[in-house]
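Asks: Can you keep this structure in mind? I'll have questions shortly.
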Amino acid sequence: MSASQLWDKRRNNGPEESCPPVYAHEELHVDLEVKRLCAATKGKAVDRGDGRTAQALRPIFLQCGLIPQASGSAYIETGGMKIACAIYGPRQIRGRQYSGKAELNVDVRYSPFATEWRKRPGKDAESASLGHHIHEALLPSLRLDLLPKASIDVLVQILEADGPEESCIAAAVTVASTALAEAGIETYGLVAGVCGAFVTCSSYTKASTSSAAVAVLPSPSFSLLVDPTRLEVQTSSALGWLQLNAMPALGSVTSMRHAVRGGMDSDELDAAVQQLMEKAVEVHYVMAKTLSENFASAQQS
């Protein structure tokens, strides 16, 4: 079969790879933003390009029950991050060896248009990595011992990814935990995901786009930028990142990952974790309110 026969002639098939356009006016905009930021970061925090402060999350839109065929579903939109999640199960698997706990399967897919560069449909190494981290974050929160010999499938579709991989994980964990609760699967608590980038004020003097505020940690060498966008990470020469998944209702952390160039002492890391725990409480409130409203509307109907 020739390659031309594989094309669907009923649709407008785009190229396998693509890249975003570059406009002439961007250079002038970049210079103005960098000059404003450099003048304002002399010991002060300034608003970021989207108007947020350093420790502010992007506004969160969260909704349940968008996929009727699924046992539970949810959709999250926070800035340019858009992710949908569907839950199928718990269901019995015929022929499977008996197990006292249910099996949790997480499958993550990127839409071809989710990132700057067009992605090939299907799974890739990045999707498998995201699925592993989401599985690791959700597993401690689930009462799998109540569902012997069962299987729970978590399907995550990333529609748009405006942020680093860690931001995708944080948003995916949040929407997946909400969908699991909407499916009626018993948990110890809702898992909220948050992310932050470690930057230095001096790094912005070399920035090429956008502006960003910084929340100074105990050491002047590091600053924490909560819920960074893709441009903020690219233009701030980020020194590292911290991604936290927690159950604020229990005050516990299900998983945490961080990496910093040059290392970081325990006091700085503790301060950053505390800041992200406070943000996790805000995310948890949105999740709980969404589920409460969804349950109330279901009772009325």
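If you're wondering about the labels, chains in the structure tokens are A, B, ... by order shown, residues count from 1 in each chain, ligands from 1 in order shown.
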Among the residues of region 64-299 of chain A, find those DSSP assigns to strand (DSSP E) from the backbone and print them as a PyMOL selection string.
Replies: chain A and resi 64+72-78+81-92+103-110+150-160+192-199+215-216+223-226+240-247+252-260
Asks: Name all residues at most 12 Å from Ala179 (chain A) (count only C-alpha atoms; drop same-chain ones fewer than 5 positions away) and give them as a PDB file with N, CA and C atoms, in the first residue's frame.
Replies:
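Output saved as around_13.pdb:
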ATOM      1  N   LEU A  62     -12.685  23.953  36.493  1.00  0.00           N
ATOM      2  CA  LEU A  62     -12.759  22.502  36.675  1.00  0.00           C
ATOM      3  C   LEU A  62     -14.211  22.066  36.585  1.00  0.00           C
ATOM      4  N   GLN A  63     -14.485  21.053  35.779  1.00  0.00           N
ATOM      5  CA  GLN A  63     -15.857  20.582  35.597  1.00  0.00           C
ATOM      6  C   GLN A  63     -15.872  19.065  35.505  1.00  0.00           C
ATOM      7  N   CYS A  64     -16.936  18.473  36.049  1.00  0.00           N
ATOM      8  CA  CYS A  64     -17.071  17.008  36.070  1.00  0.00           C
ATOM      9  C   CYS A  64     -18.160  16.551  35.107  1.00  0.00           C
ATOM     10  N   GLY A  65     -18.131  15.260  34.809  1.00  0.00           N
ATOM     11  CA  GLY A  65     -19.223  14.629  34.081  1.00  0.00           C
ATOM     12  C   GLY A  65     -19.375  15.024  32.633  1.00  0.00           C
ATOM     13  N   LEU A  66     -18.278  15.290  31.942  1.00  0.00           N
ATOM     14  CA  LEU A  66     -18.366  15.705  30.548  1.00  0.00           C
ATOM     15  C   LEU A  66     -18.412  14.528  29.577  1.00  0.00           C
ATOM     16  N   ILE A  67     -18.063  13.318  30.045  1.00  0.00           N
ATOM     17  CA  ILE A  67     -18.049  12.135  29.177  1.00  0.00           C
ATOM     18  C   ILE A  67     -19.059  11.135  29.730  1.00  0.00           C
ATOM     19  N   ALA A  70     -18.177   7.305  30.347  1.00  0.00           N
ATOM     20  CA  ALA A  70     -17.171   6.943  31.344  1.00  0.00           C
ATOM     21  C   ALA A  70     -17.802   6.814  32.727  1.00  0.00           C
ATOM     22  N   SER A  71     -17.127   6.061  33.595  1.00  0.00           N
ATOM     23  CA  SER A  71     -17.588   5.943  34.984  1.00  0.00           C
ATOM     24  C   SER A  71     -17.470   7.276  35.702  1.00  0.00           C
ATOM     25  N   GLY A  72     -16.483   8.048  35.329  1.00  0.00           N
ATOM     26  CA  GLY A  72     -16.274   9.380  35.877  1.00  0.00           C
ATOM     27  C   GLY A  72     -15.377  10.158  34.936  1.00  0.00           C
ATOM     28  N   SER A  73     -15.538  11.458  34.897  1.00  0.00           N
ATOM     29  CA  SER A  73     -14.726  12.269  33.996  1.00  0.00           C
ATOM     30  C   SER A  73     -14.606  13.677  34.548  1.00  0.00           C
ATOM     31  N   ALA A  74     -13.579  14.378  34.096  1.00  0.00           N
ATOM     32  CA  ALA A  74     -13.362  15.756  34.523  1.00  0.00           C
ATOM     33  C   ALA A  74     -12.521  16.472  33.477  1.00  0.00           C
ATOM     34  N   TYR A  75     -12.648  17.783  33.473  1.00  0.00           N
ATOM     35  CA  TYR A  75     -11.886  18.632  32.548  1.00  0.00           C
ATOM     36  C   TYR A  75     -11.339  19.812  33.331  1.00  0.00           C
ATOM     37  N   ILE A  76     -10.057  20.108  33.135  1.00  0.00           N
ATOM     38  CA  ILE A  76      -9.433  21.231  33.816  1.00  0.00           C
ATOM     39  C   ILE A  76      -8.836  22.181  32.796  1.00  0.00           C
ATOM     40  N   ILE A  83      -6.676  19.941  29.979  1.00  0.00           N
ATOM     41  CA  ILE A  83      -6.543  18.486  30.094  1.00  0.00           C
ATOM     42  C   ILE A  83      -7.907  17.878  30.410  1.00  0.00           C
ATOM     43  N   ALA A  84      -8.228  16.774  29.750  1.00  0.00           N
ATOM     44  CA  ALA A  84      -9.450  16.015  30.026  1.00  0.00           C
ATOM     45  C   ALA A  84      -9.062  14.639  30.551  1.00  0.00           C
ATOM     46  N   CYS A  85      -9.901  14.094  31.426  1.00  0.00           N
ATOM     47  CA  CYS A  85      -9.617  12.787  32.019  1.00  0.00           C
ATOM     48  C   CYS A  85     -10.904  11.976  32.097  1.00  0.00           C
ATOM     49  N   ALA A  86     -10.808  10.695  31.763  1.00  0.00           N
ATOM     50  CA  ALA A  86     -11.943   9.771  31.851  1.00  0.00           C
ATOM     51  C   ALA A  86     -11.531   8.552  32.663  1.00  0.00           C
ATOM     52  N   ILE A  87     -12.451   8.076  33.496  1.00  0.00           N
ATOM     53  CA  ILE A  87     -12.220   6.901  34.342  1.00  0.00           C
ATOM     54  C   ILE A  87     -13.139   5.778  33.879  1.00  0.00           C
ATOM     55  N   TYR A  88     -12.578   4.597  33.678  1.00  0.00           N
ATOM     56  CA  TYR A  88     -13.366   3.417  33.317  1.00  0.00           C
ATOM     57  C   TYR A  88     -13.098   2.332  34.356  1.00  0.00           C
ATOM     58  N   GLY A  89     -14.150   1.917  35.023  1.00  0.00           N
ATOM     59  CA  GLY A  89     -14.006   0.933  36.079  1.00  0.00           C
ATOM     60  C   GLY A  89     -14.547   1.485  37.392  1.00  0.00           C
ATOM     61  N   LEU A 138      -1.209   9.252  42.430  1.00  0.00           N
ATOM     62  CA  LEU A 138      -2.580   8.857  42.770  1.00  0.00           C
ATOM     63  C   LEU A 138      -2.647   7.610  43.642  1.00  0.00           C
ATOM     64  N   ILE A 152      -8.893  -0.447  37.287  1.00  0.00           N
ATOM     65  CA  ILE A 152      -9.342   0.934  37.117  1.00  0.00           C
ATOM     66  C   ILE A 152      -8.450   1.581  36.065  1.00  0.00           C
ATOM     67  N   ASP A 153      -9.066   2.076  35.005  1.00  0.00           N
ATOM     68  CA  ASP A 153      -8.321   2.706  33.916  1.00  0.00           C
ATOM     69  C   ASP A 153      -8.500   4.216  33.971  1.00  0.00           C
ATOM     70  N   VAL A 154      -7.390   4.936  34.003  1.00  0.00           N
ATOM     71  CA  VAL A 154      -7.379   6.399  34.015  1.00  0.00           C
ATOM     72  C   VAL A 154      -6.807   6.865  32.683  1.00  0.00           C
ATOM     73  N   LEU A 155      -7.642   7.488  31.864  1.00  0.00           N
ATOM     74  CA  LEU A 155      -7.225   7.958  30.545  1.00  0.00           C
ATOM     75  C   LEU A 155      -7.125   9.480  30.569  1.00  0.00           C
ATOM     76  N   VAL A 156      -5.933   9.995  30.342  1.00  0.00           N
ATOM     77  CA  VAL A 156      -5.668  11.435  30.390  1.00  0.00           C
ATOM     78  C   VAL A 156      -5.328  11.920  28.989  1.00  0.00           C
ATOM     79  N   ALA A 172      -2.634  17.300  35.537  1.00  0.00           N
ATOM     80  CA  ALA A 172      -3.194  15.975  35.253  1.00  0.00           C
ATOM     81  C   ALA A 172      -3.546  15.233  36.533  1.00  0.00           C
ATOM     82  N   VAL A 173      -2.717  15.347  37.557  1.00  0.00           N
ATOM     83  CA  VAL A 173      -3.014  14.711  38.844  1.00  0.00           C
ATOM     84  C   VAL A 173      -4.288  15.302  39.439  1.00  0.00           C
ATOM     85  N   THR A 174      -4.426  16.613  39.354  1.00  0.00           N
ATOM     86  CA  THR A 174      -5.610  17.286  39.898  1.00  0.00           C
ATOM     87  C   THR A 174      -6.883  16.822  39.204  1.00  0.00           C
ATOM     88  N   GLY A 184     -16.963   7.687  41.932  1.00  0.00           N
ATOM     89  CA  GLY A 184     -17.399   6.988  43.132  1.00  0.00           C
ATOM     90  C   GLY A 184     -16.382   6.026  43.696  1.00  0.00           C
ATOM     91  N   ILE A 185     -15.140   6.132  43.280  1.00  0.00           N
ATOM     92  CA  ILE A 185     -14.081   5.261  43.796  1.00  0.00           C
ATOM     93  C   ILE A 185     -13.587   5.824  45.125  1.00  0.00           C
ATOM     94  N   GLU A 186     -13.595   4.983  46.146  1.00  0.00           N
ATOM     95  CA  GLU A 186     -13.266   5.456  47.493  1.00  0.00           C
ATOM     96  C   GLU A 186     -11.782   5.801  47.606  1.00  0.00           C
ATOM     97  N   THR A 187     -11.519   6.941  48.211  1.00  0.00           N
ATOM     98  CA  THR A 187     -10.145   7.413  48.383  1.00  0.00           C
ATOM     99  C   THR A 187      -9.947   7.896  49.815  1.00  0.00           C
ATOM    100  N   LEU A 190      -8.625  13.812  48.305  1.00  0.00           N
ATOM    101  CA  LEU A 190      -8.345  14.341  46.974  1.00  0.00           C
ATOM    102  C   LEU A 190      -6.877  14.738  46.881  1.00  0.00           C
ATOM    103  N   VAL A 191      -6.267  14.445  45.731  1.00  0.00           N
ATOM    104  CA  VAL A 191      -4.860  14.783  45.508  1.00  0.00           C
ATOM    105  C   VAL A 191      -4.783  16.028  44.633  1.00  0.00           C
ATOM    106  N   MET A 287     -11.343  21.786  43.829  1.00  0.00           N
ATOM    107  CA  MET A 287     -11.759  20.408  43.560  1.00  0.00           C
ATOM    108  C   MET A 287     -12.978  20.033  44.395  1.00  0.00           C
ATOM    109  N   ALA A 288     -12.930  20.329  45.688  1.00  0.00           N
ATOM    110  CA  ALA A 288     -14.035  19.974  46.581  1.00  0.00           C
ATOM    111  C   ALA A 288     -15.314  20.720  46.208  1.00  0.00           C
ATOM    112  N   THR A 290     -16.129  21.894  43.232  1.00  0.00           N
ATOM    113  CA  THR A 290     -16.625  21.362  41.960  1.00  0.00           C
ATOM    114  C   THR A 290     -17.393  20.064  42.171  1.00  0.00           C
ATOM    115  N   LEU A 291     -16.845  19.165  42.974  1.00  0.00           N
ATOM    116  CA  LEU A 291     -17.517  17.894  43.243  1.00  0.00           C
ATOM    117  C   LEU A 291     -18.815  18.101  44.010  1.00  0.00           C
ATOM    118  N   ASN A 294     -21.379  19.409  41.582  1.00  0.00           N
ATOM    119  CA  ASN A 294     -21.774  18.343  40.662  1.00  0.00           C
ATOM    120  C   ASN A 294     -22.728  17.364  41.341  1.00  0.00           C
TER     121      ASN A 294
END
Asks: Between A:Glu282, A:Glu268, A:Glu165, A:Glu77, which is the closest to Glu126 (chain A) once you count only C-alpha atoms?
Replies: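 The shortest atom-to-atom distance to Glu126 (chain A) comes from A:Glu165.
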Asks: Which residue out of A:Lys289, A:Lys123, A:His135, A:Lys279 has the minimum interatomic distance to Gly196 (chain A) when only C-alpha atoms are used?
Replies: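 The answer is A:Lys279, which sits nearest to Gly196 (chain A).
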Asks: Out of A:Gln234, A:Ser151, A:Ser111, A:Ser127, which residue has the shortest atom-to-atom distance to Arg91 (chain A) when counting only C-alpha atoms?
Replies: A:Ser151
Asks: State, in Å with one decimal place, the distance from CA of Asp265 (chain A) to CA of Leu244 (chain A).
Replies: 17.7 Å
Asks: Name the closest residue to Ala150 (chain A) among the candidates A:Pro248, A:Pro228, A:Gly100, A:Pro164; distances are taken between atoms, counting only C-alpha atoms.
Replies: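 Residue with the minimum atom-to-atom distance to Ala150 (chain A): A:Gly100.
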Asks: May I have the residues within 7 Å of region 254-256 of chain A as an MDAnalysis selection string, using only C-alpha atoms and disregarding those fewer than 2 positions away in the same chain?
Replies: chainID A and resid 136:137 140 243:246 252 258
Asks: Would you mind exporting N, CA and C atoms of the selected residues as a PDB file, in the first residue's frame?
Replies:
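What landed in out08.pdb:
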ATOM      1  N   GLU A 136       2.104   7.277  40.251  1.00  0.00           N
ATOM      2  CA  GLU A 136       2.809   7.365  41.530  1.00  0.00           C
ATOM      3  C   GLU A 136       2.128   8.340  42.484  1.00  0.00           C
ATOM      4  N   ALA A 137       1.555   9.430  41.941  1.00  0.00           N
ATOM      5  CA  ALA A 137       0.901  10.431  42.781  1.00  0.00           C
ATOM      6  C   ALA A 137      -0.470   9.979  43.265  1.00  0.00           C
ATOM      7  N   PRO A 140      -1.195   6.315  46.387  1.00  0.00           N
ATOM      8  CA  PRO A 140      -1.363   6.335  47.852  1.00  0.00           C
ATOM      9  C   PRO A 140      -2.724   6.835  48.323  1.00  0.00           C
ATOM     10  N   GLN A 243       7.923  19.813  42.036  1.00  0.00           N
ATOM     11  CA  GLN A 243       6.563  19.386  41.742  1.00  0.00           C
ATOM     12  C   GLN A 243       6.044  18.579  42.919  1.00  0.00           C
ATOM     13  N   LEU A 244       4.887  19.008  43.453  1.00  0.00           N
ATOM     14  CA  LEU A 244       4.353  18.448  44.693  1.00  0.00           C
ATOM     15  C   LEU A 244       2.930  17.977  44.471  1.00  0.00           C
ATOM     16  N   ASN A 245       2.619  16.764  44.938  1.00  0.00           N
ATOM     17  CA  ASN A 245       1.259  16.223  44.926  1.00  0.00           C
ATOM     18  C   ASN A 245       0.886  15.881  46.364  1.00  0.00           C
ATOM     19  N   ALA A 246      -0.206  16.456  46.841  1.00  0.00           N
ATOM     20  CA  ALA A 246      -0.532  16.328  48.260  1.00  0.00           C
ATOM     21  C   ALA A 246      -2.027  16.143  48.467  1.00  0.00           C
ATOM     22  N   SER A 252      -0.870  15.483  54.084  1.00  0.00           N
ATOM     23  CA  SER A 252       0.169  14.535  53.686  1.00  0.00           C
ATOM     24  C   SER A 252       0.544  14.738  52.224  1.00  0.00           C
ATOM     25  N   HIS A 258      11.923  16.975  42.662  1.00  0.00           N
ATOM     26  CA  HIS A 258      12.580  18.269  42.482  1.00  0.00           C
ATOM     27  C   HIS A 258      13.967  18.064  41.904  1.00  0.00           C
TER      28      HIS A 258
END
